[in-house]
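Structure record follows, encoded as structure tokens.
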Amino acid sequence: MLKKKKRSILGEAFFRIMRNYLRVLHNNVYYKHIYVIGRENTPAKGTPLIIASNHQNALNDALGVEFAFRDRIVSIFTRADAFNRPIIGKMLRSIYLLPAFRIEFDGMDALKNNYDIFAEAADRLLSGGSVLIFPEALNQDKRWLGEFSLGYLRMAFDAAKKDNFQTDIQILPICNHYSNYFKFREDMMIVCGKPISLKPYYELFQTKPRTVQRNVNAEVRKQISEMMLNITDLDNYETIDYIRETYGRRYCRICGGNPAYLPDKLESDKALFKELEAVKAEKPEVIEDVYNDAATLKKNCKRFKIADDNFDIPFRKGKFIFQLLSLICLFPLFIAASIPNILIFLSPQPLTKKFKAGNGHMTMFVGGIRFAVGALLAFPLCYGIFFLLEGYYWNWLYATIHVILLPFLGLFAWNYRQTFIGLKREWRFRIKSKRSQNKRRGSGLAETIELRKRLFEKLDNILTKNTWKKE
């Protein structure tokens, strides 16, 4: 068993400062909004707690949970190969990370190391700590729930056994959800389920441990599955996800929700998929026709380089001119605001491109890498160098004020860029629509507009919108 080491005052202070620094960047800069639903379900501080979560966005899942509980320090299991270098391993342990050995990465022989790690996690639990674990082991590359390993329950009951089953260890099922996995300034959401006390299972566990583990696991998995968007039709996943992103906004409004508010959008998306599955069971030929139209629409929109918003938002000449003039007038400020923020934005790209090329599970590391490289390397390095150069060659007071304003200027530059992209798409849609109506070059968009209208009408007719209504 690993000996529990007392943390130094300096090490604890470093952890606290780093944690608060990363929380500010994560909650206020990287994400636009973060919602924590059901936080009141969390057991009181000091209760031994295992947080069991779905796993869809690699590092971002862990960070979201860590920063969602202000009164708890969460020990997080992560890939063991990250601890291979002694210095890095020591640093990771100092921020409460624990290595998890897996067959896929470390081989069968390495699994025996998990006994010591689980013993260390048990000590943290019995001292009133919290441990985050992802029972799926690998992160998924889709909005669905994979199979669970029982390792987290072995750890939980081993901890209870270590204390002669005197301590009530609880499991809190949660789910992570995102408006977009990869983009900057998107929304993130964490939903907390009902905590499950293991104490009622202690007596039966001593005679039928495997049965108890399976029963508890089924309850944990059921809660997570019901809280999240679990698109189980993997054969039609891409098409269903596209319908959710496009028609799903209209569906949410019809149900009385606000599609810009992620908690509403999650509930309406769950209801939408449930209805699509019901129609598929009753009228498979109807849903096949719908899915074919949706796949064609997605392909055409990509070909014309237009967003679904362009179909619904009417072109207002006055508004367009005003926004265009605003962009022209603010262009010098955009240039100034981009220095050095553009370096922070571009710095993770060489690494993220490699993970995107890996496809599947590897693509889900992109968001976490973008945040980690920016927060731990590019952000302090670029701002620090910029501050020193301005202070030395110009004025230290000016340099101090400027470096404080740089994050806000960076957000302005990002919003400027997004506005420009939106205007460009809007103009492209208007020009190609006119050309299509005149049957000149660019024809085909009129047919796409008609296809979308027909698809949405079909969905209006086959869906009841009765599975979820916002109260």
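Quick note on naming: the chains in the structure tokens go A, B, ... in the order shown, residues restart at 1 in each chain, and ligands are numbered from 1 in order of appearance.
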Can you check which parts of stretch 135-202 of chain A lie within 12 Å of stretch 235-255 of chain A? Per residue, the shortest pair of atoms and distance in Å to one decimal, counting only C-alpha atoms, sorted by chain and number, as JSON lines.
{"residue": "A:Asp141", "atom": "CA", "partner": "A:Tyr237", "partner_atom": "CA", "distance": 11.0}
{"residue": "A:Lys142", "atom": "CA", "partner": "A:Tyr237", "partner_atom": "CA", "distance": 8.1}
{"residue": "A:Arg143", "atom": "CA", "partner": "A:Asp241", "partner_atom": "CA", "distance": 8.6}
{"residue": "A:Trp144", "atom": "CA", "partner": "A:Tyr237", "partner_atom": "CA", "distance": 9.5}
{"residue": "A:Ser179", "atom": "CA", "partner": "A:Glu245", "partner_atom": "CA", "distance": 9.3}
{"residue": "A:Asn180", "atom": "CA", "partner": "A:Glu245", "partner_atom": "CA", "distance": 10.0}
What's around stretch 112-115 of chain A at 9 Å? Count only C-alpha atoms, leave out sequence neighbours fewer than 6 positions away in its own chain, and write the answer as a PyMOL selection string. chain A and resi 1+99-102+155
Selection from above, N, CA, C and O atoms, as a JSON list (two decimals), in the first residue's frame, can you write it?
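Okay, again_16.json is ready:
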[["chain", "number", "residue", "atom", "x", "y", "z"],
["A", 1, "MET", "N", 0.84, -1.20, 0.00],
["A", 1, "MET", "CA", 0.00, 0.00, 0.00],
["A", 1, "MET", "C", 0.88, 1.25, 0.00],
["A", 1, "MET", "O", 1.89, 1.29, 0.69],
["A", 99, "PRO", "N", -3.12, 8.09, -11.07],
["A", 99, "PRO", "CA", -2.96, 7.31, -12.31],
["A", 99, "PRO", "C", -3.90, 6.11, -12.33],
["A", 99, "PRO", "O", -4.10, 5.43, -11.32],
["A", 100, "ALA", "N", -4.48, 5.86, -13.50],
["A", 100, "ALA", "CA", -5.32, 4.67, -13.70],
["A", 100, "ALA", "C", -4.69, 3.82, -14.79],
["A", 100, "ALA", "O", -4.48, 4.30, -15.92],
["A", 101, "PHE", "N", -4.36, 2.59, -14.48],
["A", 101, "PHE", "CA", -3.71, 1.69, -15.44],
["A", 101, "PHE", "C", -4.78, 0.92, -16.19],
["A", 101, "PHE", "O", -5.70, 0.35, -15.59],
["A", 102, "ARG", "N", -4.64, 0.88, -17.53],
["A", 102, "ARG", "CA", -5.65, 0.23, -18.37],
["A", 102, "ARG", "C", -4.97, -0.72, -19.36],
["A", 102, "ARG", "O", -3.85, -0.47, -19.81],
["A", 155, "MET", "N", -13.41, -0.38, -5.92],
["A", 155, "MET", "CA", -12.68, 0.60, -5.13],
["A", 155, "MET", "C", -13.53, 1.09, -3.96],
["A", 155, "MET", "O", -13.06, 1.21, -2.82]]
DSSP-assigned strand (DSSP E) members of stretch 175-382 of chain A, reported as a list in words: Cys175, Asn176, His177, Tyr178, Glu186, Asp187, Met188, Met189, Ile190, Val191, Cys192, Ile196 and Ser197 of chain A
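Distances to A:Gly193 were evaluated for A:Glu219, A:Ile306, A:Glu66, A:Ser75 using only C-alpha atoms, and the minimum falls at A:Glu219.
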I'd like the neighbourhood of A:Lys199 as a ChimeraX atom specification, where a residue qualifies if any of its atoms comes within 9 Å (using only C-alpha atoms), though same-chain residues fewer than 3 positions away should be ignored.
/A:160,165-170,202-203
Go ahead and dump the residues you just picked, N, CA, C and O atoms, as a short mmCIF file (atom, residue, chain, number, x, y, z; two decimals), in the first residue's frame.
data_model
loop_
_atom_site.label_atom_id
_atom_site.label_comp_id
_atom_site.auth_asym_id
_atom_site.auth_seq_id
_atom_site.Cartn_x
_atom_site.Cartn_y
_atom_site.Cartn_z
N ALA A 160 -14.74 0.78 1.98
CA ALA A 160 -15.66 0.52 3.09
C ALA A 160 -15.16 -0.64 3.96
O ALA A 160 -15.23 -0.59 5.20
N PHE A 165 -16.67 -1.36 7.33
CA PHE A 165 -18.00 -0.97 6.87
C PHE A 165 -18.69 0.00 7.85
O PHE A 165 -19.91 -0.02 8.01
N GLN A 166 -17.90 0.86 8.46
CA GLN A 166 -18.46 1.85 9.39
C GLN A 166 -18.77 3.17 8.69
O GLN A 166 -19.67 3.91 9.13
N THR A 167 -18.06 3.48 7.63
CA THR A 167 -18.21 4.77 6.95
C THR A 167 -19.18 4.64 5.78
O THR A 167 -19.09 3.71 4.98
N ASP A 168 -20.11 5.57 5.71
CA ASP A 168 -21.08 5.57 4.60
C ASP A 168 -20.46 6.26 3.39
O ASP A 168 -20.35 7.49 3.35
N ILE A 169 -20.04 5.49 2.42
CA ILE A 169 -19.51 6.03 1.16
C ILE A 169 -20.66 6.20 0.19
O ILE A 169 -21.49 5.31 0.04
N GLN A 170 -20.71 7.36 -0.47
CA GLN A 170 -21.81 7.64 -1.37
C GLN A 170 -21.30 7.85 -2.80
O GLN A 170 -20.15 8.25 -3.01
N TYR A 202 -23.96 -2.90 2.39
CA TYR A 202 -22.77 -3.46 3.02
C TYR A 202 -22.97 -4.92 3.46
O TYR A 202 -22.09 -5.77 3.27
N GLU A 203 -24.11 -5.23 4.07
CA GLU A 203 -24.33 -6.57 4.61
C GLU A 203 -24.37 -7.61 3.48
O GLU A 203 -23.70 -8.65 3.56
#
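The smallest atom-to-atom distance between A:Glu136 and any of A:Asn41, A:Asn164, A:Ser53, A:Asn217, using only C-alpha atoms, is found for A:Ser53.
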Closest pair table for stretch 10-100 of chain A residues within 12 Å of stretch 380-394 of chain A, only C-alpha atoms, as a Markdown table:
| residue | atom | partner | partner_atom | distance |
| --- | --- | --- | --- | --- |
| A:Tyr21 | CA | A:Pro380 | CA | 10.9 |
| A:Leu22 | CA | A:Pro380 | CA | 11.6 |
| A:Leu25 | CA | A:Pro380 | CA | 11.6 |
Please produce a file of those selected residues containing N, CA and C atoms, as an mmCIF file, in the first residue's frame.
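Generated output (part20.cif):
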data_model
loop_
_atom_site.group_PDB
_atom_site.id
_atom_site.type_symbol
_atom_site.label_atom_id
_atom_site.label_comp_id
_atom_site.auth_asym_id
_atom_site.auth_seq_id
_atom_site.Cartn_x
_atom_site.Cartn_y
_atom_site.Cartn_z
ATOM 1 N N TYR A 21 -6.762 30.015 -10.574
ATOM 2 C CA TYR A 21 -6.373 30.601 -11.867
ATOM 3 C C TYR A 21 -7.040 29.850 -13.026
ATOM 4 N N LEU A 22 -6.959 28.524 -12.981
ATOM 5 C CA LEU A 22 -7.559 27.722 -14.046
ATOM 6 C C LEU A 22 -9.076 27.824 -14.028
ATOM 7 N N LEU A 25 -10.146 31.071 -15.841
ATOM 8 C CA LEU A 25 -10.011 30.944 -17.294
ATOM 9 C C LEU A 25 -11.038 29.975 -17.868
#
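Of the listed residues A:Phe429, A:Phe345, A:Phe355, A:Tyr35, the one whose atoms come nearest to A:Gly410 is A:Phe345, with distances taken using only C-alpha atoms.
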### Query
Got a sec to tell me which of stretch 160-367 of chain A DSSP assigns to helix (DSSP H, G or I), as JSON, numbers by chain?
{"A": [160, 161, 162, 199, 200, 201, 202, 203, 204, 205, 209, 210, 211, 212, 213, 214, 215, 216, 217, 218, 219, 220, 221, 222, 223, 224, 225, 226, 227, 234, 235, 236, 237, 238, 239, 240, 241, 242, 243, 244, 245, 247, 248, 249, 250, 251, 252, 253, 254, 262, 263, 264, 265, 266, 267, 268, 269, 270, 271, 272, 273, 274, 275, 276, 277, 278, 279, 280, 281, 282, 284, 285, 286, 287, 288, 289, 290, 291, 292, 293, 294, 295, 296, 297, 298, 299, 300, 301, 302, 303, 304, 309, 310, 311, 312, 317, 318, 319, 320, 321, 322, 323, 324, 325, 326, 327, 328, 329, 330, 331, 332, 333, 334, 335, 336, 337, 338, 341, 342, 343, 344, 345, 346, 349, 350, 351, 352, 353, 354, 355, 356, 357, 358, 360, 361, 362, 363, 364, 365, 366, 367]}
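Minimum distance to A:Pro284 across A:Leu423, A:Ala119, A:Ile196, A:Ile462 (counting only C-alpha atoms) occurs at A:Ile462.
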Between atom CA of A:His26 and atom CA of A:Arg221 lies a distance of 27.7 Å
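The closest residue to A:Ile190, picked from A:Phe67, A:Phe77, A:Phe365, A:Phe412 and counting only C-alpha atoms, is A:Phe67.
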(request) Please provide as a PyMOL selection string all residues within 10 Å of A:Pro43, with the sequence filter that same-chain residues fewer than 6 positions apart are discarded (counting only C-alpha atoms). (result) chain A and resi 49+170-172+194-196
Limited to all heavy atoms, could you put the picked residues into a file as a PDB file, in the first residue's frame?
ATOM      1  N   LEU A  49     -17.151  10.655  -1.050  1.00  0.00           N
ATOM      2  CA  LEU A  49     -17.987  10.740  -2.249  1.00  0.00           C
ATOM      3  C   LEU A  49     -17.223  10.287  -3.486  1.00  0.00           C
ATOM      4  O   LEU A  49     -16.134  10.783  -3.782  1.00  0.00           O
ATOM      5  CB  LEU A  49     -18.462  12.186  -2.442  1.00  0.00           C
ATOM      6  CG  LEU A  49     -19.459  12.424  -3.584  1.00  0.00           C
ATOM      7  CD1 LEU A  49     -20.780  11.732  -3.308  1.00  0.00           C
ATOM      8  CD2 LEU A  49     -19.682  13.925  -3.789  1.00  0.00           C
ATOM      9  N   GLN A 170     -20.708   7.364  -0.466  1.00  0.00           N
ATOM     10  CA  GLN A 170     -21.813   7.643  -1.372  1.00  0.00           C
ATOM     11  C   GLN A 170     -21.300   7.846  -2.805  1.00  0.00           C
ATOM     12  O   GLN A 170     -20.149   8.248  -3.012  1.00  0.00           O
ATOM     13  CB  GLN A 170     -22.587   8.883  -0.918  1.00  0.00           C
ATOM     14  CG  GLN A 170     -23.206   8.710   0.463  1.00  0.00           C
ATOM     15  CD  GLN A 170     -24.223   9.779   0.784  1.00  0.00           C
ATOM     16  OE1 GLN A 170     -24.866  10.345  -0.096  1.00  0.00           O
ATOM     17  NE2 GLN A 170     -24.396  10.066   2.076  1.00  0.00           N
ATOM     18  N   ILE A 171     -22.177   7.563  -3.758  1.00  0.00           N
ATOM     19  CA  ILE A 171     -21.867   7.750  -5.176  1.00  0.00           C
ATOM     20  C   ILE A 171     -22.810   8.797  -5.735  1.00  0.00           C
ATOM     21  O   ILE A 171     -24.032   8.695  -5.558  1.00  0.00           O
ATOM     22  CB  ILE A 171     -22.003   6.437  -5.968  1.00  0.00           C
ATOM     23  CG1 ILE A 171     -21.008   5.399  -5.447  1.00  0.00           C
ATOM     24  CG2 ILE A 171     -21.774   6.674  -7.460  1.00  0.00           C
ATOM     25  CD1 ILE A 171     -21.111   4.048  -6.124  1.00  0.00           C
ATOM     26  N   LEU A 172     -22.251   9.799  -6.396  1.00  0.00           N
ATOM     27  CA  LEU A 172     -23.065  10.845  -7.018  1.00  0.00           C
ATOM     28  C   LEU A 172     -22.976  10.695  -8.535  1.00  0.00           C
ATOM     29  O   LEU A 172     -21.952  11.010  -9.135  1.00  0.00           O
ATOM     30  CB  LEU A 172     -22.566  12.237  -6.610  1.00  0.00           C
ATOM     31  CG  LEU A 172     -23.345  13.417  -7.224  1.00  0.00           C
ATOM     32  CD1 LEU A 172     -24.762  13.462  -6.682  1.00  0.00           C
ATOM     33  CD2 LEU A 172     -22.620  14.740  -6.951  1.00  0.00           C
ATOM     34  N   LYS A 194     -29.157  11.924  -8.073  1.00  0.00           N
ATOM     35  CA  LYS A 194     -29.418  11.663  -6.662  1.00  0.00           C
ATOM     36  C   LYS A 194     -28.299  10.787  -6.097  1.00  0.00           C
ATOM     37  O   LYS A 194     -27.975   9.742  -6.669  1.00  0.00           O
ATOM     38  CB  LYS A 194     -30.757  10.945  -6.487  1.00  0.00           C
ATOM     39  CG  LYS A 194     -31.954  11.732  -7.011  1.00  0.00           C
ATOM     40  CD  LYS A 194     -32.208  12.983  -6.203  1.00  0.00           C
ATOM     41  CE  LYS A 194     -33.468  13.699  -6.706  1.00  0.00           C
ATOM     42  NZ  LYS A 194     -33.725  14.946  -5.937  1.00  0.00           N
ATOM     43  N   PRO A 195     -27.702  11.189  -4.988  1.00  0.00           N
ATOM     44  CA  PRO A 195     -26.609  10.387  -4.418  1.00  0.00           C
ATOM     45  C   PRO A 195     -27.108   9.018  -3.969  1.00  0.00           C
ATOM     46  O   PRO A 195     -28.243   8.867  -3.498  1.00  0.00           O
ATOM     47  CB  PRO A 195     -26.130  11.234  -3.237  1.00  0.00           C
ATOM     48  CG  PRO A 195     -27.272  12.142  -2.917  1.00  0.00           C
ATOM     49  CD  PRO A 195     -27.990  12.397  -4.198  1.00  0.00           C
ATOM     50  N   ILE A 196     -26.254   8.026  -4.124  1.00  0.00           N
ATOM     51  CA  ILE A 196     -26.579   6.649  -3.765  1.00  0.00           C
ATOM     52  C   ILE A 196     -25.700   6.240  -2.581  1.00  0.00           C
ATOM     53  O   ILE A 196     -24.472   6.190  -2.703  1.00  0.00           O
ATOM     54  CB  ILE A 196     -26.346   5.702  -4.950  1.00  0.00           C
ATOM     55  CG1 ILE A 196     -27.216   6.118  -6.142  1.00  0.00           C
ATOM     56  CG2 ILE A 196     -26.613   4.256  -4.560  1.00  0.00           C
ATOM     57  CD1 ILE A 196     -26.842   5.419  -7.437  1.00  0.00           C
TER      58      ILE A 196
END
Residue neighbourhood A:Leu445, 12 Å, only C-alpha atoms, exclusion window fewer than 6 positions, as a PyMOL selection string:
chain A and resi 297+299-306+310-311+428-439+451-452
